[in-house]
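**Q** Structure supplied as upload00.pdb; contents: PDB, C-alpha atoms.
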```pdb
ATOM      1  CA  MET A  29      -7.130   3.520  17.008
ATOM      2  CA  ILE A  30      -7.965   0.625  14.696
ATOM      3  CA  ALA A  31      -4.243  -0.021  14.312
ATOM      4  CA  ALA A  32      -3.888  -0.303  18.078
ATOM      5  CA  LEU A  33      -6.877  -2.620  18.306
ATOM      6  CA  LEU A  34      -5.594  -4.878  15.563
ATOM      7  CA  THR A  35      -2.272  -5.101  17.351
ATOM      8  CA  ILE A  36      -3.941  -5.968  20.640
ATOM      9  CA  LEU A  37      -6.128  -8.483  18.874
ATOM     10  CA  PHE A  38      -3.211 -10.429  17.469
ATOM     11  CA  LEU A  39      -0.818  -9.899  20.341
ATOM     12  CA  GLY A  40      -2.991 -11.336  23.048
ATOM     13  CA  GLY A  41      -4.139  -9.544  26.102
ATOM     14  CA  GLY A  42      -7.301 -11.546  26.397
ATOM     15  CA  GLY A  43      -8.848 -11.852  23.007
ATOM     16  CA  SER A  44      -6.217 -13.297  20.789
ATOM     17  CA  ALA A  45      -6.005 -16.859  19.625
ATOM     18  CA  ILE A  46      -2.314 -16.470  18.862
ATOM     19  CA  GLY A  47      -1.840 -15.435  22.470
ATOM     20  CA  PHE A  48      -2.841 -18.851  23.757
ATOM     21  CA  ILE A  49      -0.184 -18.123  26.338
ATOM     22  CA  ALA A  50      -1.442 -14.570  26.686
ATOM     23  CA  ASP A  51      -0.275 -13.331  30.066
ATOM     24  CA  LEU A  52       3.437 -14.031  29.899
ATOM     25  CA  ASP A  53       4.230 -11.910  32.974
ATOM     26  CA  SER A  54       1.923 -14.115  35.010
ATOM     27  CA  VAL A  55       3.402 -17.270  33.450
ATOM     28  CA  GLN A  56       6.908 -16.084  34.350
ATOM     29  CA  LYS A  57       5.854 -15.578  37.982
ATOM     30  CA  GLN A  58       4.121 -18.937  38.130
ATOM     31  CA  VAL A  59       7.132 -20.735  36.667
ATOM     32  CA  ALA A  60       9.350 -19.111  39.303
ATOM     33  CA  GLN A  61       6.908 -20.126  42.072
ATOM     34  CA  THR A  62       6.064 -23.619  40.833
ATOM     35  CA  VAL A  63       9.443 -25.120  39.983
ATOM     36  CA  PRO A  64      11.005 -26.137  43.331
ATOM     37  CA  ASP A  65      14.212 -24.666  44.732
ATOM     38  CA  ASP A  66      16.115 -27.928  44.324
ATOM     39  CA  ASN A  67      15.656 -27.506  40.562
ATOM     40  CA  ALA A  68      16.933 -23.944  40.405
ATOM     41  CA  MET A  69      18.867 -24.488  37.187
ATOM     42  CA  ARG A  70      15.840 -25.909  35.369
ATOM     43  CA  ARG A  71      13.694 -23.116  36.800
ATOM     44  CA  GLY A  72      16.146 -20.520  35.497
ATOM     45  CA  GLU A  73      16.079 -22.105  32.042
ATOM     46  CA  ALA A  74      12.274 -22.110  32.005
ATOM     47  CA  VAL A  75      12.126 -18.463  33.095
ATOM     48  CA  ALA A  76      14.663 -17.573  30.378
ATOM     49  CA  ILE A  77      12.376 -19.162  27.761
ATOM     50  CA  VAL A  78       9.396 -17.138  29.003
ATOM     51  CA  LYS A  79      11.511 -13.974  28.876
ATOM     52  CA  ASP A  80      12.472 -14.828  25.307
ATOM     53  CA  MET A  81       8.783 -15.314  24.477
ATOM     54  CA  LYS A  82       8.070 -11.843  25.856
ATOM     55  CA  SER A  83      10.899 -10.337  23.856
ATOM     56  CA  ARG A  84       9.825 -12.022  20.600
ATOM     57  CA  ASN A  85       6.232 -10.934  21.234
ATOM     58  CA  LYS A  86       7.390  -7.356  21.698
ATOM     59  CA  ASP A  87       9.260  -7.407  18.370
ATOM     60  CA  PHE A  88       6.223  -8.944  16.708
ATOM     61  CA  GLY A  89       4.051  -6.193  18.173
ATOM     62  CA  LYS A  90       6.226  -3.471  16.641
ATOM     63  CA  ILE A  91       6.020  -5.003  13.159
ATOM     64  CA  LEU A  92       2.310  -5.563  13.554
ATOM     65  CA  ALA A  93       1.638  -2.016  14.724
ATOM     66  CA  LYS A  94       3.345  -0.645  11.603
ATOM     67  CA  LEU A  95       1.342  -2.905   9.303
ATOM     68  CA  ALA A  96      -1.888  -2.174  11.163
ATOM     69  CA  ASP A  97      -1.263   1.543  10.777
ATOM     70  CA  GLU A  98      -0.807   1.114   6.998
ATOM     71  CA  MET A  99      -3.979  -0.964   6.900
ATOM     72  CA  ASP A 100      -5.929   1.635   8.849
ATOM     73  CA  LYS A 101      -4.973   4.350   6.350
ATOM     74  CA  SER A 102      -5.541   2.103   3.374
ATOM     75  CA  ILE A 103      -9.059   1.080   4.429
ATOM     76  CA  ALA A 104     -10.048   4.718   5.019
ATOM     77  CA  ASP A 105      -8.688   5.970   1.681
ATOM     78  CA  GLN A 106     -11.384   5.712  -0.974
ATOM     79  CA  ASN A 107      -8.717   5.830  -3.688
ATOM     80  CA  GLN A 108      -7.107   2.597  -2.496
ATOM     81  CA  SER A 109      -8.192  -0.373  -4.593
ATOM     82  CA  GLU A 110      -9.431  -3.660  -3.163
ATOM     83  CA  GLY A 111      -6.158  -5.207  -4.395
ATOM     84  CA  SER A 112      -3.919  -2.752  -2.587
ATOM     85  CA  VAL A 113      -5.832  -3.258   0.673
ATOM     86  CA  ALA A 114      -5.546  -7.029   0.158
ATOM     87  CA  THR A 115      -1.760  -6.725  -0.277
ATOM     88  CA  ILE A 116      -1.428  -5.153   3.162
ATOM     89  CA  TRP A 117      -3.794  -7.742   4.654
ATOM     90  CA  ASP A 118      -1.601 -10.495   3.167
ATOM     91  CA  ALA A 119       1.534  -9.000   4.714
ATOM     92  CA  PHE A 120      -0.345  -8.799   8.001
ATOM     93  CA  SER A 121      -1.469 -12.423   7.768
ATOM     94  CA  ASN A 122       2.026 -13.645   6.867
ATOM     95  CA  THR A 123       3.450 -11.841   9.892
ATOM     96  CA  VAL A 124       0.813 -13.336  12.192
ATOM     97  CA  GLU A 125       1.322 -16.842  10.808
ATOM     98  CA  ALA A 126       5.098 -16.621  11.217
ATOM     99  CA  GLN A 127       4.564 -15.611  14.830
ATOM    100  CA  GLU A 128       2.247 -18.578  15.347
ATOM    101  CA  ASP A 129       5.125 -20.901  14.410
ATOM    102  CA  VAL A 130       7.428 -19.060  16.812
ATOM    103  CA  MET A 131       4.868 -19.372  19.621
ATOM    104  CA  ILE A 132       4.435 -23.093  18.992
ATOM    105  CA  GLU A 133       8.199 -23.730  19.089
ATOM    106  CA  GLN A 134       8.630 -21.686  22.259
ATOM    107  CA  ARG A 135       5.707 -23.485  23.895
ATOM    108  CA  PHE A 136       7.494 -26.807  23.344
ATOM    109  CA  GLN A 137      10.796 -25.389  24.581
ATOM    110  CA  LEU A 138       9.022 -24.354  27.774
ATOM    111  CA  LYS A 139       7.293 -27.701  28.100
ATOM    112  CA  SER A 140      10.668 -29.469  27.877
ATOM    113  CA  LYS A 141      11.740 -27.660  31.064
ATOM    114  CA  LEU A 142       8.600 -28.411  33.104
ATOM    115  CA  THR A 143       7.140 -31.579  34.553
ATOM    116  CA  ARG A 144       3.606 -32.687  33.826
ATOM    117  CA  GLU A 145       2.498 -31.574  37.303
ATOM    118  CA  GLU A 146       4.155 -28.168  37.014
ATOM    119  CA  TRP A 147       2.559 -27.667  33.614
ATOM    120  CA  ALA A 148      -0.900 -28.493  34.995
ATOM    121  CA  THR A 149      -0.395 -25.936  37.777
ATOM    122  CA  ILE A 150       0.707 -23.174  35.426
ATOM    123  CA  PHE A 151      -1.745 -23.957  32.614
ATOM    124  CA  PRO A 152      -4.792 -25.526  34.237
ATOM    125  CA  ALA A 153      -7.378 -27.052  31.921
ATOM    126  CA  ALA A 154     -10.571 -25.034  31.648
ATOM    127  CA  PRO A 155     -13.506 -26.551  33.557
ATOM    128  CA  GLY A 156     -15.346 -29.069  31.423
ATOM    129  CA  SER A 157     -12.550 -29.471  28.879
TER
ATOM    130  CA  MET B  14     -50.315  28.316  40.301
ATOM    131  CA  SER B  15     -47.107  29.094  38.690
ATOM    132  CA  ILE B  16     -45.251  27.428  41.571
ATOM    133  CA  VAL B  17     -46.849  23.965  41.242
ATOM    134  CA  LYS B  18     -45.941  23.250  37.623
ATOM    135  CA  PRO B  19     -42.211  23.864  37.890
ATOM    136  CA  ARG B  20     -42.086  21.763  41.052
ATOM    137  CA  ARG B  21     -43.719  18.821  39.231
ATOM    138  CA  VAL B  22     -41.249  19.128  36.406
ATOM    139  CA  SER B  23     -38.456  19.355  38.870
ATOM    140  CA  VAL B  24     -39.500  16.214  40.744
ATOM    141  CA  ALA B  25     -39.859  14.337  37.480
ATOM    142  CA  ALA B  26     -36.433  15.502  36.376
ATOM    143  CA  VAL B  27     -34.888  14.446  39.668
ATOM    144  CA  MET B  28     -36.544  11.039  39.429
ATOM    145  CA  LEU B  29     -35.344  10.627  35.865
ATOM    146  CA  PHE B  30     -31.855  11.675  36.847
ATOM    147  CA  ALA B  31     -31.931   9.292  39.822
ATOM    148  CA  ALA B  32     -33.089   6.444  37.593
ATOM    149  CA  PHE B  33     -30.227   7.052  35.162
ATOM    150  CA  TRP B  34     -27.755   7.549  37.973
ATOM    151  CA  LEU B  35     -28.826   4.406  39.797
ATOM    152  CA  GLY B  36     -28.845   2.512  36.523
ATOM    153  CA  GLY B  37     -25.314   3.662  35.913
ATOM    154  CA  CYS B  38     -24.246   2.758  39.430
ATOM    155  CA  ALA B  39     -25.655  -0.727  39.021
ATOM    156  CA  GLY B  40     -22.445  -1.247  37.041
ATOM    157  CA  LYS B  41     -24.039  -2.616  33.875
ATOM    158  CA  LYS B  42     -21.233  -1.971  31.448
ATOM    159  CA  GLU B  43     -22.389  -2.306  27.884
ATOM    160  CA  ALA B  44     -21.249  -5.476  26.174
ATOM    161  CA  PRO B  45     -18.848  -4.967  23.235
ATOM    162  CA  ALA B  46     -21.351  -6.753  20.979
ATOM    163  CA  ASP B  47     -24.045  -4.218  21.946
ATOM    164  CA  ILE B  48     -21.672  -1.313  21.325
ATOM    165  CA  GLN B  49     -20.883  -2.839  17.943
ATOM    166  CA  ALA B  50     -24.596  -3.115  17.079
ATOM    167  CA  GLN B  51     -25.120   0.546  17.996
ATOM    168  CA  ALA B  52     -22.074   1.660  15.998
ATOM    169  CA  PHE B  53     -23.230  -0.175  12.871
ATOM    170  CA  ALA B  54     -26.761   1.178  13.329
ATOM    171  CA  ALA B  55     -25.222   4.663  13.404
ATOM    172  CA  VAL B  56     -23.495   4.011  10.055
ATOM    173  CA  VAL B  57     -26.798   2.857   8.582
ATOM    174  CA  ALA B  58     -28.578   5.967   9.907
ATOM    175  CA  GLU B  59     -25.847   8.185   8.500
ATOM    176  CA  LEU B  60     -25.994   6.491   5.110
ATOM    177  CA  GLN B  61     -29.752   6.892   4.974
ATOM    178  CA  ALA B  62     -29.369  10.585   5.756
ATOM    179  CA  VAL B  63     -26.479  11.273   3.384
ATOM    180  CA  VAL B  64     -27.216   9.124   0.329
ATOM    181  CA  THR B  65     -30.240  10.756  -1.259
ATOM    182  CA  ASP B  66     -30.729   8.158  -4.005
ATOM    183  CA  PRO B  67     -32.900   5.512  -2.266
ATOM    184  CA  ASP B  68     -31.593   2.718  -4.473
ATOM    185  CA  ARG B  69     -27.933   3.399  -3.671
ATOM    186  CA  ALA B  70     -28.790   4.002  -0.018
ATOM    187  CA  ALA B  71     -30.502   0.596   0.186
ATOM    188  CA  GLN B  72     -27.506  -1.101  -1.464
ATOM    189  CA  ALA B  73     -25.094   0.617   0.920
ATOM    190  CA  VAL B  74     -27.175  -0.404   3.949
ATOM    191  CA  THR B  75     -27.200  -4.008   2.735
ATOM    192  CA  LEU B  76     -23.408  -3.908   2.480
ATOM    193  CA  ILE B  77     -23.047  -2.473   5.983
ATOM    194  CA  ASN B  78     -25.341  -5.204   7.322
ATOM    195  CA  GLU B  79     -23.195  -7.809   5.538
ATOM    196  CA  LEU B  80     -20.083  -6.247   7.063
ATOM    197  CA  GLU B  81     -21.573  -6.396  10.548
ATOM    198  CA  ALA B  82     -22.619 -10.039  10.090
ATOM    199  CA  ASN B  83     -19.091 -10.819   8.921
ATOM    200  CA  PHE B  84     -17.571  -9.277  12.044
ATOM    201  CA  GLU B  85     -20.059 -11.109  14.280
ATOM    202  CA  LYS B  86     -19.021 -14.362  12.671
ATOM    203  CA  GLY B  87     -15.356 -13.367  13.138
ATOM    204  CA  ALA B  88     -15.927 -12.854  16.871
ATOM    205  CA  ALA B  89     -17.632 -16.245  17.215
ATOM    206  CA  ASP B  90     -14.835 -17.949  15.241
ATOM    207  CA  MET B  91     -12.132 -16.292  17.315
ATOM    208  CA  SER B  92     -13.847 -17.251  20.565
ATOM    209  CA  ARG B  93     -14.120 -20.907  19.542
ATOM    210  CA  HIS B  94     -10.510 -21.194  18.354
ATOM    211  CA  LYS B  95      -9.186 -19.359  21.374
ATOM    212  CA  ALA B  96     -10.901 -21.898  23.644
ATOM    213  CA  ASN B  97      -9.550 -24.759  21.499
ATOM    214  CA  LEU B  98      -6.000 -23.429  21.613
ATOM    215  CA  SER B  99      -6.132 -22.937  25.382
ATOM    216  CA  ALA B 100      -7.324 -26.516  25.771
ATOM    217  CA  ILE B 101      -4.548 -27.808  23.488
ATOM    218  CA  ASN B 102      -1.967 -25.788  25.398
ATOM    219  CA  ALA B 103      -3.205 -27.138  28.729
ATOM    220  CA  ASP B 104      -2.701 -30.680  27.426
ATOM    221  CA  TYR B 105       0.854 -31.670  28.333
ATOM    222  CA  ASP B 106       0.814 -34.355  25.635
ATOM    223  CA  ALA B 107      -0.405 -32.103  22.816
ATOM    224  CA  THR B 108       1.727 -32.273  19.670
ATOM    225  CA  ARG B 109       3.013 -29.548  17.379
ATOM    226  CA  GLN B 110       0.598 -30.851  14.772
ATOM    227  CA  ASP B 111      -2.341 -30.269  17.143
ATOM    228  CA  PHE B 112      -1.397 -26.588  17.278
ATOM    229  CA  LYS B 113      -0.656 -26.349  13.560
ATOM    230  CA  ASP B 114      -4.013 -27.893  12.658
ATOM    231  CA  GLU B 115      -5.906 -25.532  14.933
ATOM    232  CA  PHE B 116      -4.044 -22.479  13.646
ATOM    233  CA  ALA B 117      -4.518 -23.603  10.030
ATOM    234  CA  SER B 118      -8.252 -23.836  10.621
ATOM    235  CA  LEU B 119      -8.343 -20.420  12.301
ATOM    236  CA  ASN B 120      -6.185 -18.807   9.606
ATOM    237  CA  ALA B 121      -8.381 -20.183   6.819
ATOM    238  CA  ILE B 122     -11.498 -18.762   8.457
ATOM    239  CA  MET B 123      -9.851 -15.403   9.160
ATOM    240  CA  SER B 124      -8.547 -15.213   5.594
ATOM    241  CA  SER B 125     -12.039 -15.827   4.271
ATOM    242  CA  ASN B 126     -13.458 -13.180   6.629
ATOM    243  CA  ARG B 127     -10.808 -10.674   5.535
ATOM    244  CA  LYS B 128     -11.590 -11.319   1.864
ATOM    245  CA  ASN B 129     -15.264 -10.700   2.559
ATOM    246  CA  VAL B 130     -14.474  -7.450   4.372
ATOM    247  CA  GLY B 131     -12.227  -6.357   1.476
ATOM    248  CA  ARG B 132     -14.898  -7.201  -1.075
ATOM    249  CA  ILE B 133     -17.590  -5.315   0.845
ATOM    250  CA  ARG B 134     -15.320  -2.309   1.280
ATOM    251  CA  GLY B 135     -14.557  -2.381  -2.464
ATOM    252  CA  ARG B 136     -18.254  -2.340  -3.300
ATOM    253  CA  LEU B 137     -18.899   0.523  -0.872
ATOM    254  CA  VAL B 138     -16.038   2.502  -2.393
ATOM    255  CA  GLU B 139     -17.596   2.110  -5.841
ATOM    256  CA  LEU B 140     -21.105   2.842  -4.627
ATOM    257  CA  LEU B 141     -20.505   6.043  -2.657
ATOM    258  CA  THR B 142     -19.364   9.408  -3.906
ATOM    259  CA  ALA B 143     -16.227  10.942  -2.414
ATOM    260  CA  GLU B 144     -18.395  13.335  -0.432
ATOM    261  CA  GLU B 145     -20.609  10.578   0.949
ATOM    262  CA  TRP B 146     -17.555   8.461   1.826
ATOM    263  CA  ALA B 147     -16.008  11.394   3.678
ATOM    264  CA  THR B 148     -19.254  12.137   5.523
ATOM    265  CA  ILE B 149     -19.628   8.628   6.930
ATOM    266  CA  GLU B 150     -15.900   8.349   7.741
ATOM    267  CA  LYS B 151     -16.231   8.904  11.495
ATOM    268  CA  ALA B 152     -19.223   6.592  11.926
ATOM    269  CA  ARG B 153     -17.559   3.935   9.754
ATOM    270  CA  SER B 154     -14.314   4.174  11.713
ATOM    271  CA  ARG B 155     -16.204   3.864  15.021
ATOM    272  CA  ALA B 156     -18.043   0.809  13.694
ATOM    273  CA  LEU B 157     -14.771  -0.873  12.704
ATOM    274  CA  GLU B 158     -13.240  -0.077  16.089
ATOM    275  CA  SER B 159     -16.254  -1.517  17.874
ATOM    276  CA  ALA B 160     -16.060  -4.658  15.737
ATOM    277  CA  PHE B 161     -12.384  -5.227  16.540
ATOM    278  CA  LYS B 162     -13.087  -4.577  20.223
ATOM    279  CA  ALA B 163     -15.886  -7.137  20.129
ATOM    280  CA  ILE B 164     -13.548  -9.711  18.571
ATOM    281  CA  ALA B 165     -10.778  -8.884  21.048
ATOM    282  CA  SER B 166     -13.201  -9.283  23.963
ATOM    283  CA  THR B 167     -14.127 -12.873  23.107
TER
END
```
Take the structure in the file and write it out as structure tokens.
**A**
Amino acid sequence: MIAALLTILFLGGGGSAIGFIADLDSVQKQVAQTVPDDNAMRRGEAVAIVKDMKSRNKDFGKILAKLADEMDKSIADQNQSEGSVATIWDAFSNTVEAQEDVMIEQRFQLKSKLTREEWATIFPAAPGS
Amino acid sequence: MSIVKPRRVSVAAVMLFAAFWLGGCAGKKEAPADIQAQAFAAVVAELQAVVTDPDRAAQAVTLINELEANFEKGAADMSRHKANLSAINADYDATRQDFKDEFASLNAIMSSNRKNVGRIRGRLVELLTAEEWATIEKARSRALESAFKAIAST
């Protein structure tokens, strides 16, 4: 259970910081609706980037779930030293940080395919920000 | 005579049931932070019941309280950085460095939180006997789950 929660936490789905573009299904739909028909090629390229983001996120989730499972067992086992728990945490952190870089690059790939106005429609600024 | 008393009890029970039922129907779902507080309180109660040496019990309770405070801080940190990252993402002119700086700040805080959690766990492991550790396992696991849920809900 903790493994699943850790995975959700870092994969997005509402609570994750790494998932600053959390709902990729919704983003894909909005890209398809927002980019006009006379820019079908650009729209297709933008949708392809979102699909790639989803795919990379899925792969990341599988790695994370495995590490989270190891962590879950390690924390519960009284015979595991602080150092051995820390080793798994480090692997977990490295995986998360690598995914952050991937997310940043993909965000800029997506931005390169969208106009300022389209971007504002798909990712509106929060009120007061 | 014997009829009146059961009827009174019955009315009271119905009223109590109705109060709970209506309270439930009001749709007040417990906040993850409240669930977390209850789960950690359960660990404390279990420790106080299981660890018979008052000195060790007090030390263990202090550690659990530290752990809870650490998770509360983690939830507040995550909430703040999540809002920052959403704002950066919404900004069409944001740079890669804007994201990297925000993530670096978040990662540093999370790393520090994780070290604290590891340290506290290490001290609990040393403090409790194998039997005590096994006895609080379920309550401890529920507390950790509630803490992660609270962070994920920010």
**Q** Residues of chain B that approach chain A to 6 Å or less, counting only C-alpha atoms: could you list each one with the shortest pair of atoms and its distance in Å to one decimal, rows by chain and increasing residue number, as JSON lines?
**A**
```
{"residue": "B:Lys95", "atom": "CA", "partner": "A:Ala45", "partner_atom": "CA", "distance": 4.4}
{"residue": "B:Leu98", "atom": "CA", "partner": "A:Phe48", "partner_atom": "CA", "distance": 6.0}
{"residue": "B:Ser99", "atom": "CA", "partner": "A:Phe48", "partner_atom": "CA", "distance": 5.5}
{"residue": "B:Ala103", "atom": "CA", "partner": "A:Phe151", "partner_atom": "CA", "distance": 5.2}
{"residue": "B:Gly135", "atom": "CA", "partner": "A:Glu110", "partner_atom": "CA", "distance": 5.3}
{"residue": "B:Val138", "atom": "CA", "partner": "A:Gln106", "partner_atom": "CA", "distance": 5.8}
{"residue": "B:Glu158", "atom": "CA", "partner": "A:Ile30", "partner_atom": "CA", "distance": 5.5}
{"residue": "B:Ala165", "atom": "CA", "partner": "A:Gly43", "partner_atom": "CA", "distance": 4.0}
{"residue": "B:Ser166", "atom": "CA", "partner": "A:Gly43", "partner_atom": "CA", "distance": 5.1}
{"residue": "B:Thr167", "atom": "CA", "partner": "A:Gly43", "partner_atom": "CA", "distance": 5.4}
```
**Q** Taking 6 positions as the minimum chain separation for residues in the same chain, which residues sit within 12 Å of range 143-154 of chain B when counting all atoms listed in the file? Answer as a PyMOL selection string.
**A** (chain A and resi 29-31+100-101+103-107) or (chain B and resi 49+51-66+69-70+73+77+80-81+134+136-137+160-161)
**Q** Interatomic distance between CA of Ile122 in chain B and CA of Ala89 in chain B?
**A** 11.0 Å
**Q** May I ask for the distance between CA of Ser140 in chain A and CA of Ala74 in chain A, given in Å to one decimal place?
**A**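 Distance between the two atoms: 8.6 Å.
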**Q** In Å, with one decimal, what is the gap from CA of Leu157 in chain B to CA of Val130 in chain A?
**A** 29.0 Å
**Q** Tell me which of A:Ser54, A:Gln61, A:Thr123, A:Gln134 sits closest to Lys90 in chain A, counting all atoms listed in the file.
**A** A:Thr123
**Q** Of the candidates B:Asn97, B:Ser159, B:Asn129, B:Thr142, which shows the shortest atom-to-atom distance to Leu76 in chain B, using only C-alpha atoms?
**A** B:Asn129
**Q** Could you add the missing atoms to range 80-106 of chain B, up to N, CA and C atoms, and return them as a PDB file, keeping the file's coordinate frame?
**A**
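Contents of the output file out_19.pdb:
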```
ATOM      1  N   LEU B  80     -21.353  -6.482   6.357  1.00  0.00           N
ATOM      2  CA  LEU B  80     -20.083  -6.247   7.063  1.00  0.00           C
ATOM      3  C   LEU B  80     -20.226  -6.588   8.548  1.00  0.00           C
ATOM      4  N   GLU B  81     -21.333  -6.136   9.127  1.00  0.00           N
ATOM      5  CA  GLU B  81     -21.573  -6.396  10.548  1.00  0.00           C
ATOM      6  C   GLU B  81     -21.700  -7.906  10.810  1.00  0.00           C
ATOM      7  N   ALA B  82     -22.442  -8.583   9.930  1.00  0.00           N
ATOM      8  CA  ALA B  82     -22.619 -10.039  10.090  1.00  0.00           C
ATOM      9  C   ALA B  82     -21.272 -10.744   9.997  1.00  0.00           C
ATOM     10  N   ASN B  83     -20.418 -10.227   9.091  1.00  0.00           N
ATOM     11  CA  ASN B  83     -19.091 -10.819   8.921  1.00  0.00           C
ATOM     12  C   ASN B  83     -18.252 -10.679  10.196  1.00  0.00           C
ATOM     13  N   PHE B  84     -18.329  -9.503  10.806  1.00  0.00           N
ATOM     14  CA  PHE B  84     -17.571  -9.277  12.044  1.00  0.00           C
ATOM     15  C   PHE B  84     -18.134 -10.117  13.194  1.00  0.00           C
ATOM     16  N   GLU B  85     -19.451 -10.267  13.224  1.00  0.00           N
ATOM     17  CA  GLU B  85     -20.059 -11.109  14.280  1.00  0.00           C
ATOM     18  C   GLU B  85     -19.572 -12.544  14.151  1.00  0.00           C
ATOM     19  N   LYS B  86     -19.511 -13.006  12.911  1.00  0.00           N
ATOM     20  CA  LYS B  86     -19.021 -14.362  12.671  1.00  0.00           C
ATOM     21  C   LYS B  86     -17.546 -14.460  13.084  1.00  0.00           C
ATOM     22  N   GLY B  87     -16.777 -13.398  12.763  1.00  0.00           N
ATOM     23  CA  GLY B  87     -15.356 -13.367  13.138  1.00  0.00           C
ATOM     24  C   GLY B  87     -15.173 -13.491  14.639  1.00  0.00           C
ATOM     25  N   ALA B  88     -16.024 -12.800  15.401  1.00  0.00           N
ATOM     26  CA  ALA B  88     -15.927 -12.854  16.871  1.00  0.00           C
ATOM     27  C   ALA B  88     -16.240 -14.256  17.370  1.00  0.00           C
ATOM     28  N   ALA B  89     -17.260 -14.886  16.791  1.00  0.00           N
ATOM     29  CA  ALA B  89     -17.632 -16.245  17.215  1.00  0.00           C
ATOM     30  C   ALA B  89     -16.516 -17.230  16.858  1.00  0.00           C
ATOM     31  N   ASP B  90     -15.937 -17.064  15.662  1.00  0.00           N
ATOM     32  CA  ASP B  90     -14.835 -17.949  15.241  1.00  0.00           C
ATOM     33  C   ASP B  90     -13.635 -17.803  16.170  1.00  0.00           C
ATOM     34  N   MET B  91     -13.301 -16.544  16.466  1.00  0.00           N
ATOM     35  CA  MET B  91     -12.132 -16.292  17.315  1.00  0.00           C
ATOM     36  C   MET B  91     -12.332 -16.887  18.707  1.00  0.00           C
ATOM     37  N   SER B  92     -13.539 -16.732  19.234  1.00  0.00           N
ATOM     38  CA  SER B  92     -13.847 -17.251  20.565  1.00  0.00           C
ATOM     39  C   SER B  92     -13.678 -18.776  20.605  1.00  0.00           C
ATOM     40  N   ARG B  93     -14.193 -19.439  19.583  1.00  0.00           N
ATOM     41  CA  ARG B  93     -14.120 -20.907  19.542  1.00  0.00           C
ATOM     42  C   ARG B  93     -12.668 -21.384  19.427  1.00  0.00           C
ATOM     43  N   HIS B  94     -11.903 -20.755  18.544  1.00  0.00           N
ATOM     44  CA  HIS B  94     -10.510 -21.194  18.354  1.00  0.00           C
ATOM     45  C   HIS B  94      -9.638 -20.841  19.545  1.00  0.00           C
ATOM     46  N   LYS B  95      -9.949 -19.732  20.181  1.00  0.00           N
ATOM     47  CA  LYS B  95      -9.186 -19.359  21.374  1.00  0.00           C
ATOM     48  C   LYS B  95      -9.370 -20.421  22.466  1.00  0.00           C
ATOM     49  N   ALA B  96     -10.617 -20.854  22.640  1.00  0.00           N
ATOM     50  CA  ALA B  96     -10.901 -21.898  23.644  1.00  0.00           C
ATOM     51  C   ALA B  96     -10.188 -23.200  23.254  1.00  0.00           C
ATOM     52  N   ASN B  97     -10.222 -23.530  21.957  1.00  0.00           N
ATOM     53  CA  ASN B  97      -9.550 -24.759  21.499  1.00  0.00           C
ATOM     54  C   ASN B  97      -8.054 -24.701  21.758  1.00  0.00           C
ATOM     55  N   LEU B  98      -7.454 -23.553  21.445  1.00  0.00           N
ATOM     56  CA  LEU B  98      -6.000 -23.429  21.613  1.00  0.00           C
ATOM     57  C   LEU B  98      -5.602 -23.471  23.093  1.00  0.00           C
ATOM     58  N   SER B  99      -6.425 -22.877  23.942  1.00  0.00           N
ATOM     59  CA  SER B  99      -6.132 -22.937  25.382  1.00  0.00           C
ATOM     60  C   SER B  99      -6.195 -24.371  25.871  1.00  0.00           C
ATOM     61  N   ALA B 100      -7.184 -25.107  25.367  1.00  0.00           N
ATOM     62  CA  ALA B 100      -7.324 -26.516  25.771  1.00  0.00           C
ATOM     63  C   ALA B 100      -6.133 -27.335  25.265  1.00  0.00           C
ATOM     64  N   ILE B 101      -5.704 -27.073  24.036  1.00  0.00           N
ATOM     65  CA  ILE B 101      -4.548 -27.808  23.488  1.00  0.00           C
ATOM     66  C   ILE B 101      -3.302 -27.476  24.308  1.00  0.00           C
ATOM     67  N   ASN B 102      -3.144 -26.195  24.622  1.00  0.00           N
ATOM     68  CA  ASN B 102      -1.967 -25.788  25.398  1.00  0.00           C
ATOM     69  C   ASN B 102      -1.956 -26.430  26.782  1.00  0.00           C
ATOM     70  N   ALA B 103      -3.131 -26.555  27.384  1.00  0.00           N
ATOM     71  CA  ALA B 103      -3.205 -27.138  28.729  1.00  0.00           C
ATOM     72  C   ALA B 103      -2.856 -28.631  28.713  1.00  0.00           C
ATOM     73  N   ASP B 104      -2.985 -29.242  27.547  1.00  0.00           N
ATOM     74  CA  ASP B 104      -2.701 -30.680  27.426  1.00  0.00           C
ATOM     75  C   ASP B 104      -1.189 -30.890  27.288  1.00  0.00           C
ATOM     76  N   TYR B 105      -0.608 -31.466  28.318  1.00  0.00           N
ATOM     77  CA  TYR B 105       0.854 -31.670  28.333  1.00  0.00           C
ATOM     78  C   TYR B 105       1.315 -32.520  27.147  1.00  0.00           C
ATOM     79  N   ASP B 106       0.440 -33.419  26.706  1.00  0.00           N
ATOM     80  CA  ASP B 106       0.814 -34.355  25.635  1.00  0.00           C
ATOM     81  C   ASP B 106       0.442 -33.849  24.235  1.00  0.00           C
TER      82      ASP B 106
END
```
